[in-house]
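A short worksheet on the structure shown next.
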Amino acid sequence: MKRILITGANSYVGTNVERWLNREPEKYHVDTIDMIDGSWREKDFSSYDVVFHVAGIAHVNAKKNMEALYYKVNTDLTIETAQHSKQCGVKQFIFMSSIIVYGESKSLKPVVITRETEPKPNGFYGNSKLQAEIGIKKLEDKDFKVVILRPPMIYGPGSKGNFPKLIALAKKTPIFPAYHNQRSMLYIDNLCEFVRLIIDNEERGVFWPQNREYVSTSELVHLIGKTQGKKICILKGFSWLIIVMSYVLASTNKVFGSLCYEQQLGDYKADYRLFTVEHSFERFVN
């Protein structure tokens with residue numbers, strides 16, 4: 001039996017991974033721990049095989065006056081937790097990083113990330129994650145395996161960020177402009193299965209899990225409408241308007257920008273992509 005400690009009680013990813021692993025109680029024992037008050041420092045981690053570190057501040061709430069806090073939580077706390085895990089004899093430390101270590105979309109110019117692409121964050125959220133990666137990699141040795149996950153946008157029931165806003169928009173609008181962008185995304189249950197496999201196979205290294213398919217914003221809106229039995233008219237011929245808006249409204253770049261991993265970067269020796277994008281939407285969008 002694998003014993004796993006998830007740091008960050010009530011986190012979206014942590015809660016779902018716990019649910020996923022608890023389907024097989026004969027194989028996995030999962031505990032969670034709150035990192036807020038500092039009492040975790042007194043806890044002995046020696047009974048755990050794996051620490052899955054998901055505690056952190058998400059970029060959706062990023063404000064300039066919180067920059068120091070981001071580094072304190074996303075960087076310093078991560079490194080300190082990894083150090084404590086190693087000292088206690090934990091064999092594997094899994095860290096939830098992000099695609100944002102490569103930078104956020106600032107224009108409509110397509111960005112395709114390959115294995116050779118160097119991380120280049122353009123904001124303090126991405127940099128706080130990257131500095132955490134650098135710090136924990138220094139701790140790795142033959143007895144302490146470090147796994148870094150750099151997922152794209154994660155979505156599913158109860159997810160936060162821009163995805164719920166897109167669902168709300170699709171429920172209201174009868175039309176949407178066609179624009180051919182490409183986004184890597186990751187359904188929460190596909191991520192959960194990936195984490196399970198990483199634990200089972202006692203991996204180390206950097207991984208880029210993603211759904212098998214790219215999606216465009218227009219396709220997303222169409223699929224959301226389809227799952228609701230609603231026909232949304234995707235209007236062609238408005239690409240010029242989106243391009244003009246991208247110079248005026250920064251959020252246009254986030255909605256319609258292209259940011260994706262090359263497809264083979266998400267491949268793994270075992271299949272974790274149990275759900276297609278369309279199937280994933282059918283399971284929770286209503």
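Convention: chains lettered A, B, ... in structure tokens order; per-chain residue numbering from 1; ligands numbered from 1 as shown.
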
- Excluding A:Val50 and residues on its chain fewer than 2 positions from it, collect all residues at most 6 Å away from it, counting only C-alpha atoms, and give them as an NGL selection string. :A and (4 or 48 or 92-93)

Residues from last step as file, C-alpha atoms, as a CSV table (one decimal), in the first residue's frame:
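And here is the file that came out, again28.csv:
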chain,number,residue,atom,x,y,z
A,4,ILE,CA,0.3,9.7,0.4
A,48,TYR,CA,4.4,8.5,4.1
A,92,GLN,CA,8.8,11.0,-3.6
A,93,PHE,CA,7.8,14.6,-3.6

- Task: Write out as number ranges by chain all residues of stretch 9-183 of chain A that DSSP puts in alpha helix (DSSP H) for this structure's backbone.
- Result: A: 12-21, 67-70, 78-87, 124-137, 162-172

- What's the 10 Å shell around stretch 73-86 of chain A, counting only C-alpha atoms, without same-chain residues fewer than 5 positions away, as number ranges by chain? A: 7, 35-36, 38, 40-46, 48-58, 68, 91-97, 125-141, 143-146

Could you list, with a cut-off of 12 Å and counting only C-alpha atoms, the residues of stretch 74-145 of chain A near stretch 229-243 of chain A, each shown with its nearest atom pair and the distance in Å rounded to one decimal, rows sorted by chain and ascending number, as a tab-separated table?
residue	atom	partner	partner_atom	distance
A:Ser107	CA	A:Ile243	CA	9.3
A:Leu108	CA	A:Ile243	CA	7.5
A:Lys109	CA	A:Ile243	CA	10.2

Could you dump the residues just selected with N, CA and C atoms as an mmCIF file, in the first residue's frame?
data_model
loop_
_atom_site.group_PDB
_atom_site.id
_atom_site.type_symbol
_atom_site.label_atom_id
_atom_site.label_comp_id
_atom_site.auth_asym_id
_atom_site.auth_seq_id
_atom_site.Cartn_x
_atom_site.Cartn_y
_atom_site.Cartn_z
ATOM 1 N N SER A 107 -0.375 38.418 -26.161
ATOM 2 C CA SER A 107 -0.822 38.788 -27.502
ATOM 3 C C SER A 107 -1.514 37.581 -28.114
ATOM 4 N N LEU A 108 -1.978 37.733 -29.361
ATOM 5 C CA LEU A 108 -2.620 36.618 -30.063
ATOM 6 C C LEU A 108 -1.603 35.754 -30.801
ATOM 7 N N LYS A 109 -0.330 36.098 -30.699
ATOM 8 C CA LYS A 109 0.703 35.320 -31.371
ATOM 9 C C LYS A 109 0.737 33.906 -30.802
#
